[in-house]
$ cat protein-v6.tsv   # TSV, C-alpha atoms and all ligand atoms
chain	number	residue	atom	x	y	z
A	1	MET	CA	20.68	-48.60	16.63
A	2	LEU	CA	22.92	-47.41	19.46
A	3	PRO	CA	23.10	-43.64	20.08
A	4	VAL	CA	25.99	-41.90	18.32
A	5	GLU	CA	27.89	-38.81	19.52
A	6	ILE	CA	27.86	-36.69	16.35
A	7	MET	CA	29.74	-33.72	17.89
A	8	PRO	CA	31.14	-33.32	21.40
A	9	GLY	CA	28.11	-33.42	23.73
A	10	VAL	CA	25.59	-33.85	20.87
A	11	TYR	CA	24.02	-37.29	20.36
A	12	TRP	CA	21.83	-38.86	17.71
A	13	VAL	CA	19.17	-40.86	19.57
A	14	GLY	CA	16.79	-41.65	16.69
A	15	VAL	CA	14.73	-44.71	15.84
A	16	ASN	CA	14.08	-46.64	12.65
A	17	ASP	CA	10.49	-47.32	11.54
A	18	TYR	CA	10.18	-50.66	9.73
A	19	ILE	CA	6.43	-50.90	10.41
A	20	THR	CA	4.69	-48.01	8.64
A	21	GLN	CA	3.71	-48.96	5.08
A	22	MET	CA	2.30	-45.63	3.93
A	23	PHE	CA	3.90	-42.43	5.25
A	24	GLU	CA	1.22	-39.80	5.96
A	25	GLY	CA	-1.20	-42.54	4.88
A	26	LEU	CA	-0.28	-41.65	1.27
A	27	TRP	CA	3.29	-42.42	0.35
A	28	SER	CA	4.69	-45.92	-0.01
A	29	ILE	CA	7.61	-46.68	2.30
A	30	GLU	CA	7.14	-50.46	2.28
A	31	GLN	CA	10.55	-50.97	0.70
A	32	SER	CA	12.51	-48.11	2.24
A	33	GLY	CA	11.14	-47.60	5.76
A	34	ILE	CA	12.00	-44.29	7.41
A	35	CYS	CA	13.83	-43.03	10.47
A	36	TYR	CA	12.84	-40.41	13.01
A	37	ASN	CA	15.96	-38.61	14.18
A	38	SER	CA	16.07	-37.11	17.68
A	39	TYR	CA	19.07	-35.41	19.17
A	40	VAL	CA	20.22	-34.83	22.75
A	41	ILE	CA	22.56	-31.99	23.70
A	42	ARG	CA	24.30	-32.52	27.01
A	43	GLY	CA	26.71	-30.47	29.12
A	44	GLY	CA	25.48	-27.33	30.79
A	45	LYS	CA	21.72	-27.46	30.35
A	46	SER	CA	20.37	-30.38	28.38
A	47	ALA	CA	18.02	-30.29	25.43
A	48	LEU	CA	16.16	-32.85	23.36
A	49	ILE	CA	15.51	-31.86	19.76
A	50	ASP	CA	12.54	-33.53	18.07
A	51	LEU	CA	10.99	-36.86	19.01
A	52	ALA	CA	9.33	-39.68	17.06
A	53	LYS	CA	5.98	-41.22	16.20
A	54	SER	CA	3.94	-42.22	19.24
A	55	PHE	CA	4.13	-45.97	18.64
A	56	GLN	CA	7.92	-45.74	19.01
A	57	THR	CA	7.90	-43.81	22.28
A	58	GLU	CA	9.28	-46.67	24.35
A	59	GLU	CA	12.17	-47.24	21.96
A	60	LEU	CA	12.92	-43.51	21.87
A	61	ILE	CA	12.93	-43.26	25.67
A	62	ALA	CA	15.39	-46.16	25.85
A	63	GLN	CA	17.64	-44.32	23.39
A	64	ILE	CA	17.52	-41.05	25.34
A	65	LYS	CA	18.18	-42.84	28.65
A	66	THR	CA	21.50	-44.18	27.43
A	67	VAL	CA	22.72	-40.59	27.07
A	68	VAL	CA	20.89	-38.56	29.73
A	69	ASP	CA	18.49	-39.05	32.64
A	70	VAL	CA	15.17	-38.14	30.98
A	71	GLY	CA	13.91	-36.53	34.21
A	72	THR	CA	16.75	-34.00	34.12
A	73	LEU	CA	16.05	-32.65	30.61
A	74	ASP	CA	15.85	-28.86	30.66
A	75	TYR	CA	14.37	-28.26	27.19
A	76	ILE	CA	12.42	-30.12	24.54
A	77	VAL	CA	12.79	-28.26	21.25
A	78	LEU	CA	9.87	-28.82	18.89
A	79	ASN	CA	11.06	-28.04	15.39
A	80	HIS	CA	7.79	-29.47	14.05
A	81	VAL	CA	4.59	-30.72	15.67
A	82	GLU	CA	3.62	-33.20	12.96
A	83	PRO	CA	3.16	-36.53	14.75
A	84	ASP	CA	6.13	-38.19	13.01
A	85	HIS	CA	8.24	-35.63	14.93
A	86	ALA	CA	6.25	-35.02	18.11
A	87	GLY	CA	3.94	-38.02	18.54
A	88	ALA	CA	5.90	-39.14	21.63
A	89	LEU	CA	5.58	-35.73	23.30
A	90	ASN	CA	2.92	-36.30	25.94
A	91	ILE	CA	4.55	-39.41	27.39
A	92	ILE	CA	8.05	-37.90	27.35
A	93	ARG	CA	6.71	-34.78	29.05
A	94	GLN	CA	5.45	-36.91	31.94
A	95	LEU	CA	8.95	-38.34	32.36
A	96	ALA	CA	10.60	-34.92	32.01
A	97	PRO	CA	8.28	-32.66	34.03
A	98	LYS	CA	10.75	-29.78	34.33
A	99	ALA	CA	11.60	-29.67	30.63
A	100	VAL	CA	10.49	-26.42	29.01
A	101	LEU	CA	8.92	-26.83	25.58
A	102	VAL	CA	10.42	-24.59	22.90
A	103	GLY	CA	8.73	-23.71	19.62
A	104	SER	CA	7.46	-20.94	17.40
A	105	LYS	CA	4.35	-18.85	18.02
A	106	VAL	CA	2.39	-21.13	15.70
A	107	THR	CA	3.74	-24.19	17.55
A	108	GLN	CA	1.99	-22.89	20.66
A	109	LYS	CA	-1.39	-22.94	18.88
A	110	MET	CA	-0.87	-26.26	17.17
A	111	LEU	CA	0.20	-28.02	20.37
A	112	LYS	CA	-3.28	-27.45	21.78
A	113	ALA	CA	-4.95	-28.91	18.69
A	114	PHE	CA	-2.68	-31.93	18.34
A	115	TYR	CA	-1.63	-32.77	21.89
A	116	GLY	CA	-4.10	-30.93	24.18
A	117	ILE	CA	-1.24	-28.79	25.54
A	118	ASP	CA	-2.62	-25.41	26.59
A	119	PHE	CA	0.03	-24.04	28.94
A	120	ASP	CA	2.57	-21.45	27.77
A	121	ILE	CA	5.66	-22.79	26.06
A	122	HIS	CA	8.91	-20.87	25.49
A	123	VAL	CA	8.05	-19.11	22.22
A	124	VAL	CA	10.94	-18.22	19.94
A	125	SER	CA	11.05	-16.05	16.82
A	126	ASP	CA	13.36	-16.19	13.85
A	127	GLY	CA	16.96	-15.58	14.99
A	128	ASP	CA	16.28	-15.92	18.73
A	129	GLU	CA	18.90	-17.74	20.77
A	130	LEU	CA	18.77	-19.93	23.85
A	131	SER	CA	21.84	-20.50	25.99
A	132	LEU	CA	22.53	-23.99	27.27
A	133	GLY	CA	25.57	-22.84	29.26
A	134	ASN	CA	28.26	-24.62	27.26
A	135	SER	CA	26.56	-24.03	23.94
A	136	ARG	CA	23.74	-22.06	22.40
A	137	LEU	CA	20.85	-22.72	20.08
A	138	ARG	CA	19.60	-20.34	17.42
A	139	PHE	CA	16.17	-20.82	15.85
A	140	ILE	CA	15.52	-20.33	12.17
A	141	THR	CA	11.86	-20.31	11.22
A	142	MET	CA	10.82	-21.88	7.92
A	143	PRO	CA	7.03	-21.60	7.64
A	144	PHE	CA	5.54	-24.26	5.34
A	145	VAL	CA	8.66	-26.34	5.05
A	146	HIS	CA	6.65	-28.30	5.86
A	147	TRP	CA	3.92	-26.93	8.15
A	148	PRO	CA	3.36	-23.30	9.25
A	149	GLU	CA	5.10	-23.76	12.60
A	150	SER	CA	8.21	-25.48	11.19
A	151	MET	CA	11.63	-24.25	12.22
A	152	MET	CA	15.25	-25.34	12.26
A	153	THR	CA	17.59	-25.29	15.23
A	154	TYR	CA	21.19	-24.19	14.67
A	155	MET	CA	24.24	-24.38	16.93
A	156	PRO	CA	26.33	-21.39	15.77
A	157	ASN	CA	29.61	-22.38	17.47
A	158	GLU	CA	29.50	-25.91	16.11
A	159	GLN	CA	27.87	-24.84	12.79
A	160	LEU	CA	25.49	-27.73	13.26
A	161	LEU	CA	22.03	-27.46	11.72
A	162	PHE	CA	19.07	-29.58	12.85
A	163	SER	CA	17.17	-29.09	9.63
A	164	ASN	CA	13.83	-30.76	10.41
A	165	ASP	CA	12.03	-32.06	7.26
A	166	ALA	CA	14.26	-29.97	4.99
A	167	PHE	CA	17.03	-32.06	3.37
A	168	GLY	CA	15.51	-35.25	4.80
A	169	GLY	CA	14.78	-38.48	2.99
A	170	TYR	CA	13.02	-41.79	3.26
A	171	GLY	CA	14.92	-44.88	4.33
A	172	VAL	CA	15.87	-46.50	7.60
A	173	LEU	CA	19.44	-46.02	8.76
A	174	SER	CA	21.22	-49.26	7.97
A	175	GLY	CA	24.06	-49.24	10.46
A	176	ALA	CA	25.41	-45.81	9.53
A	177	VAL	CA	24.11	-42.46	10.76
A	178	TYR	CA	26.38	-40.55	8.35
A	179	ALA	CA	25.56	-40.06	4.68
A	180	ASP	CA	29.22	-40.39	3.61
A	181	LEU	CA	29.11	-44.04	4.74
A	182	CYS	CA	26.13	-44.74	2.45
A	183	ASP	CA	25.43	-44.98	-1.28
A	184	ILE	CA	24.99	-41.28	-2.13
A	185	GLU	CA	23.05	-41.95	-5.36
A	186	ARG	CA	20.49	-44.04	-3.44
A	187	LEU	CA	20.25	-41.31	-0.79
A	188	LYS	CA	19.69	-38.72	-3.51
A	189	GLN	CA	16.81	-40.76	-4.91
A	190	GLU	CA	15.19	-41.17	-1.48
A	191	ASN	CA	15.73	-37.46	-0.69
A	192	LEU	CA	14.16	-36.55	-4.02
A	193	ARG	CA	11.21	-38.85	-3.35
A	194	TYR	CA	10.73	-37.24	0.07
A	195	PHE	CA	11.10	-33.77	-1.47
A	196	VAL	CA	8.53	-34.30	-4.19
A	197	ASN	CA	6.09	-36.25	-1.99
A	198	ILE	CA	6.24	-34.01	1.09
A	199	VAL	CA	7.56	-30.49	0.46
A	200	ALA	CA	7.40	-29.77	-3.30
A	201	HIS	CA	3.89	-28.35	-2.99
A	202	TYR	CA	5.42	-25.48	-0.97
A	203	GLU	CA	7.92	-24.45	-3.62
A	204	LYS	CA	7.98	-20.73	-2.70
A	205	PRO	CA	8.68	-21.32	1.01
A	206	VAL	CA	11.42	-23.80	0.02
A	207	SER	CA	12.98	-21.25	-2.30
A	208	LYS	CA	12.85	-18.58	0.44
A	209	LEU	CA	14.52	-20.98	2.85
A	210	LEU	CA	17.39	-21.64	0.44
A	211	THR	CA	17.98	-17.91	0.12
A	212	LYS	CA	17.90	-17.52	3.90
A	213	MET	CA	20.31	-20.45	4.36
A	214	SER	CA	22.85	-19.12	1.87
A	215	ASP	CA	24.41	-16.89	4.58
A	216	VAL	CA	24.51	-19.54	7.31
A	217	PRO	CA	27.82	-21.41	7.64
A	218	VAL	CA	27.14	-25.11	8.13
A	219	GLN	CA	29.57	-27.96	8.89
A	220	MET	CA	26.97	-30.62	9.57
A	221	ILE	CA	23.30	-31.04	8.65
A	222	ALA	CA	21.24	-33.31	10.90
A	223	PRO	CA	17.75	-33.71	9.41
A	224	SER	CA	14.76	-35.38	11.04
A	225	HIS	CA	14.72	-38.17	8.44
A	226	GLY	CA	17.62	-39.88	6.72
A	227	PRO	CA	21.31	-39.76	7.54
A	228	ILE	CA	23.43	-36.90	8.87
A	229	TRP	CA	25.57	-34.98	6.38
A	230	ARG	CA	29.12	-33.96	7.35
A	231	GLU	CA	30.88	-33.89	3.95
A	232	ASP	CA	30.04	-31.51	1.08
A	233	VAL	CA	26.91	-30.41	2.95
A	234	THR	CA	26.15	-27.70	0.37
A	235	ARG	CA	25.16	-30.46	-2.04
A	236	LEU	CA	21.77	-30.64	-0.27
A	237	ALA	CA	20.92	-27.04	-1.16
A	238	ARG	CA	22.23	-27.65	-4.72
A	239	TRP	CA	19.90	-30.64	-5.06
A	240	TYR	CA	16.94	-28.60	-3.77
A	241	ARG	CA	17.68	-25.79	-6.24
A	242	GLU	CA	17.97	-28.30	-9.08
A	243	TRP	CA	14.62	-29.87	-8.14
A	244	LEU	CA	12.88	-26.50	-7.77
A	245	ASP	CA	14.16	-25.56	-11.23
A	246	CYS	CA	12.89	-28.86	-12.63
A	247	ALA	CA	9.44	-28.32	-11.10
A	248	SER	CA	9.15	-24.88	-12.65
A	249	GLY	CA	9.96	-26.13	-16.15
A	250	LYS	CA	13.77	-26.27	-16.52
A	251	ALA	CA	13.71	-30.04	-16.54
A	252	GLN	CA	15.94	-32.71	-18.06
A	253	GLU	CA	16.03	-33.68	-21.72
A	254	ALA	CA	14.36	-36.98	-20.90
A	255	VAL	CA	10.94	-38.59	-20.95
A	256	THR	CA	8.61	-40.21	-18.44
A	257	LEU	CA	6.02	-42.52	-19.96
A	258	ILE	CA	3.11	-43.40	-17.69
A	259	TYR	CA	0.44	-45.77	-18.86
A	260	ALA	CA	-2.21	-48.28	-17.91
A	261	SER	CA	-3.81	-50.98	-19.96
A	262	MET	CA	-6.90	-53.14	-19.48
A	263	TYR	CA	-6.37	-55.73	-22.24
A	264	GLN	CA	-2.84	-55.01	-23.51
A	265	ASN	CA	-3.98	-52.87	-26.45
A	266	THR	CA	-2.66	-49.61	-24.93
A	267	GLU	CA	0.31	-51.62	-23.66
A	268	ARG	CA	1.27	-52.70	-27.19
A	269	MET	CA	1.13	-49.05	-28.21
A	270	MET	CA	3.34	-48.20	-25.23
A	271	GLU	CA	6.00	-50.59	-26.51
A	272	ALA	CA	6.01	-49.00	-29.96
A	273	VAL	CA	6.06	-45.45	-28.53
A	274	SER	CA	8.97	-46.46	-26.27
A	275	GLN	CA	10.91	-47.81	-29.26
A	276	GLY	CA	10.43	-44.46	-30.95
A	277	VAL	CA	11.70	-42.49	-27.95
A	278	VAL	CA	14.84	-44.55	-27.38
A	279	SER	CA	15.61	-44.57	-31.13
A	280	GLN	CA	16.45	-40.87	-30.59
A	281	LYS	CA	18.75	-41.68	-27.64
A	282	VAL	CA	16.53	-39.85	-25.20
A	283	PRO	CA	16.42	-41.45	-21.71
A	284	LEU	CA	13.06	-43.03	-20.96
A	285	ASN	CA	11.37	-44.14	-17.72
A	286	VAL	CA	8.24	-46.26	-18.14
A	287	PHE	CA	5.71	-46.77	-15.34
A	288	ASN	CA	2.57	-48.89	-15.38
A	289	VAL	CA	0.46	-46.84	-12.97
A	290	SER	CA	-1.61	-49.88	-12.01
A	291	ASN	CA	1.49	-51.53	-10.52
A	292	VAL	CA	3.79	-48.72	-9.37
A	293	HIS	CA	2.94	-46.41	-6.48
A	294	VAL	CA	2.71	-42.74	-7.42
A	295	SER	CA	5.37	-41.95	-4.79
A	296	TYR	CA	7.94	-43.53	-7.16
A	297	ILE	CA	6.54	-41.92	-10.32
A	298	LEU	CA	6.55	-38.30	-9.13
A	299	PRO	CA	10.38	-37.99	-8.96
A	300	SER	CA	10.64	-38.88	-12.64
A	301	LEU	CA	7.82	-36.50	-13.58
A	302	LEU	CA	9.61	-33.75	-11.64
A	303	GLU	CA	13.04	-34.26	-13.16
A	304	ARG	CA	12.13	-34.94	-16.80
A	305	GLY	CA	10.84	-32.41	-19.30
A	306	GLY	CA	8.73	-34.77	-21.41
A	307	VAL	CA	5.66	-36.76	-20.38
A	308	ILE	CA	3.95	-39.33	-22.56
A	309	VAL	CA	0.67	-40.66	-21.22
A	310	GLY	CA	-0.98	-43.86	-22.44
A	311	SER	CA	-4.52	-44.51	-21.28
A	312	PRO	CA	-7.50	-46.51	-22.40
A	313	THR	CA	-10.90	-44.84	-22.28
A	314	TYR	CA	-12.80	-46.00	-19.21
A	315	GLU	CA	-16.50	-45.08	-18.93
A	316	GLY	CA	-15.94	-42.19	-21.33
A	317	GLU	CA	-13.01	-40.82	-19.35
A	318	LEU	CA	-9.30	-41.12	-18.70
A	319	PHE	CA	-8.46	-44.41	-16.95
A	320	PRO	CA	-8.83	-43.51	-13.22
A	321	PRO	CA	-5.32	-44.49	-11.97
A	322	VAL	CA	-3.77	-42.46	-14.83
A	323	ALA	CA	-5.90	-39.44	-13.92
A	324	GLU	CA	-4.86	-39.85	-10.30
A	325	VAL	CA	-1.13	-39.65	-11.11
A	326	ILE	CA	-1.66	-36.47	-13.14
A	327	ARG	CA	-3.68	-34.91	-10.29
A	328	TYR	CA	-0.82	-35.70	-7.91
A	329	ALA	CA	1.63	-34.02	-10.31
A	330	ALA	CA	-0.60	-30.93	-10.29
A	331	GLU	CA	-0.74	-31.01	-6.48
A	332	LYS	CA	3.08	-31.14	-6.38
A	333	LYS	CA	3.32	-28.15	-8.77
A	334	ILE	CA	5.02	-30.03	-11.62
A	335	HIS	CA	4.38	-27.45	-14.29
A	336	ARG	CA	5.21	-26.67	-17.92
A	337	ARG	CA	5.85	-30.06	-19.48
A	338	LYS	CA	5.75	-31.14	-23.11
A	339	ALA	CA	3.22	-33.95	-23.37
A	340	ALA	CA	1.94	-36.57	-25.78
A	341	PHE	CA	-1.02	-38.89	-25.48
A	342	PHE	CA	-1.94	-42.31	-26.86
A	343	GLY	CA	-4.47	-45.01	-26.07
A	344	SER	CA	-7.10	-47.46	-27.19
A	345	TYR	CA	-10.86	-47.07	-26.79
A	346	GLY	CA	-13.76	-49.43	-27.41
A	347	TRP	CA	-16.43	-47.22	-28.93
A	348	GLY	CA	-16.85	-43.47	-28.13
A	349	GLY	CA	-13.45	-42.39	-26.71
A	350	GLY	CA	-13.08	-39.66	-24.08
A	351	ALA	CA	-9.71	-40.36	-22.45
A	352	LYS	CA	-7.88	-37.73	-24.48
A	353	ASP	CA	-10.44	-35.03	-23.64
A	354	GLY	CA	-10.13	-35.94	-19.97
A	355	PHE	CA	-6.35	-35.69	-20.27
A	356	LEU	CA	-6.54	-32.24	-21.90
A	357	CYS	CA	-8.82	-30.96	-19.13
A	358	LEU	CA	-6.36	-32.07	-16.48
A	359	ILE	CA	-3.19	-30.70	-18.08
A	360	LYS	CA	-4.48	-27.29	-19.16
A	361	PRO	CA	-4.18	-25.62	-15.74
A	362	MET	CA	-0.74	-27.21	-15.29
A	363	GLY	CA	0.72	-25.54	-18.37
A	364	TRP	CA	1.47	-28.89	-20.04
A	365	GLU	CA	1.53	-28.57	-23.82
A	366	LEU	CA	0.13	-31.42	-25.91
A	367	ILE	CA	2.54	-32.02	-28.80
A	368	ASP	CA	0.97	-35.09	-30.38
A	369	SER	CA	-1.62	-37.78	-29.81
A	370	LEU	CA	-2.79	-41.08	-31.22
A	371	GLU	CA	-5.97	-42.97	-30.40
A	372	VAL	CA	-7.10	-46.27	-31.91
A	373	THR	CA	-10.28	-48.32	-31.67
A	374	GLY	CA	-9.76	-51.74	-30.07
A	375	ALA	CA	-6.53	-53.53	-30.93
A	376	PRO	CA	-3.81	-51.49	-32.69
A	377	THR	CA	-3.02	-52.60	-36.23
A	378	GLY	CA	0.51	-52.88	-37.58
A	379	ARG	CA	0.05	-49.46	-39.15
A	380	ASP	CA	-1.14	-48.03	-35.81
A	381	LEU	CA	1.99	-49.38	-34.15
A	382	GLN	CA	4.21	-47.78	-36.78
A	383	ARG	CA	2.43	-44.50	-36.18
A	384	ALA	CA	2.94	-44.98	-32.41
A	385	GLU	CA	6.66	-45.49	-32.96
A	386	GLN	CA	6.78	-42.32	-35.07
A	387	LEU	CA	4.95	-40.43	-32.33
A	388	GLY	CA	7.58	-41.52	-29.80
A	389	ALA	CA	10.48	-40.57	-32.09
A	390	GLN	CA	9.02	-37.20	-33.05
A	391	PHE	CA	8.25	-36.40	-29.42
A	392	ALA	CA	11.80	-37.28	-28.35
A	393	ARG	CA	13.23	-34.99	-31.05
A	394	GLU	CA	10.95	-32.21	-29.80
A	395	ILE	CA	12.20	-32.71	-26.23
A	396	LYS	CA	15.81	-32.48	-27.39
A	397	THR	CA	15.20	-29.18	-29.14
A	398	SER	CA	12.90	-27.62	-26.56
A	399	GLN	CA	15.23	-28.30	-23.58
A	400	LYS	CA	18.17	-26.61	-25.31
B	501	LIG	FE1	8.58	-35.34	8.91
B	501	LIG	FE2	6.44	-32.80	8.15
B	501	LIG	O1	6.97	-34.52	8.65
$ encode --input "protein-v6.tsv" --output "structure tokens" --more "lines below"
Ligand code: FEO
Amino acid sequence: MLPVEIMPGVYWVGVNDYITQMFEGLWSIEQSGICYNSYVIRGGKSALIDLAKSFQTEELIAQIKTVVDVGTLDYIVLNHVEPDHAGALNIIRQLAPKAVLVGSKVTQKMLKAFYGIDFDIHVVSDGDELSLGNSRLRFITMPFVHWPESMMTYMPNEQLLFSNDAFGGYGVLSGAVYADLCDIERLKQENLRYFVNIVAHYEKPVSKLLTKMSDVPVQMIAPSHGPIWREDVTRLARWYREWLDCASGKAQEAVTLIYASMYQNTERMMEAVSQGVVSQKVPLNVFNVSNVHVSYILPSLLERGGVIVGSPTYEGELFPPVAEVIRYAAEKKIHRRKAAFFGSYGWGGGAKDGFLCLIKPMGWELIDSLEVTGAPTGRDLQRAEQLGAQFAREIKTSQK
């Protein structure tokens, strides 16, 4: 996409990534892609804020060149050293030899480890400012949103916040750099997916950041991923608060059902359980964990207060892909859920015990369970439907 002047003298010069299939090697972005947003500030001294992944260095340089002569850059501000933000650094440094690198104290250390950079950079602390002549930058540290060195850069006169990973989302920019030109509901889903995949593990640092941000007037939020927000920008903090509340237990009166099935026996039970849930008019999301990437399941687990898990017994244990999804939920601090369990086993069972072991440290409470041997009978399916209905009623009362 062509660079866009987002405020006088401030340009978006980002790149879209249509190539990466798994972000961080873990999270599926096959359908969405992602963008790496960089920004150039020009007039007075010039600064480049954040870069891109190394394989897109050439494209990024071409973007920067349309706005400023790369060799004349005065500063490169490193809000984050993770290679999706700074992978292009060493090559861009060669083209911009007089540019001073700017980052936090921890950035200094991490630059050596990641990029072999061992000279002194311009180290900034929380609240420090840097004058560019016509404008100024203020740095707001936000350790562990997402790495320890992470910070935001803020232009106080313009009330423009370069928010780094915070308030970012998956998805390439499809023609528009501004969120208000996009489908906001789709953006919310991709922001939520990014939130739960990437930053939800650090819920306390995120909460601290929201408190810190509450006093900072902001007209525009320009994150490192996803579009730029210039209308109702406070909605991003509202969404984050809502998601933090969900993670800690104040979740929606709704159910996520995750299951797997080897020979359709557990799947037939899933259908009956689902009928029971929807009979109570409780919203239900169903995921077959063998077919749907966990990246898409975690948002539902985060937002919804009820979890029903269907799993066959596999080698005396919970079916491995089911166990994996629950371990991810634990990793992302999705706590205090009401849960139910069902499944089919061939001879000795074991899946339910495996499930209980996993959910105990997460504060998930098992409300009901149903296990059958082999294929479910008609009576088993009726019982499965009752389990779904009873669980849904429980969710309605417990979320009140
Ligand atoms: Fe956009 Fe922490 O990576």
$ closest_residue --input "protein-v6.tsv" --among "A:Gly349, A:Glu324, A:Gly87, A:Lys333" --to "Pro312 in chain A" --atoms "all atoms listed in the file"
A:Gly349
$ closest_atom_pairs --input "protein-v6.tsv" --of "range 222-301 of chain A" --to "range 193-213 of chain A" --cutoff "9 Å" --atoms "only C-alpha atoms" --output "tab-separated table"
residue	atom	partner	partner_atom	distance
A:Ala237	CA	A:Leu210	CA	6.6
A:Tyr240	CA	A:Phe195	CA	8.1
A:Arg241	CA	A:Ser207	CA	7.6
A:Trp243	CA	A:Phe195	CA	8.5
A:Leu244	CA	A:Glu203	CA	6.8
A:Ala247	CA	A:Ala200	CA	8.2
A:Ser295	CA	A:Asn197	CA	6.4
A:Tyr296	CA	A:Arg193	CA	6.9
A:Ile297	CA	A:Arg193	CA	8.9
A:Leu298	CA	A:Val196	CA	6.7
A:Pro299	CA	A:Arg193	CA	5.7
$ residues_near_ligand --input "protein-v6.tsv" --ligand "ligand LIG 501 (chain B)" --cutoff "6 Å" --atoms "all atoms listed in the file" --output "list in words"
Glu82, Asp84, His146 and Asp165 of chain A
$ closest_residue --input "protein-v6.tsv" --among "A:Ala330, A:Met270, A:Gly316, A:Arg383" --to "Phe287 in chain A" --atoms "all atoms listed in the file"
A:Met270
$ atom_distance --input "protein-v6.tsv" --atom1 "CA of Gln63 in chain A" --atom2 "CA of Tyr75 in chain A"
16.8 Å
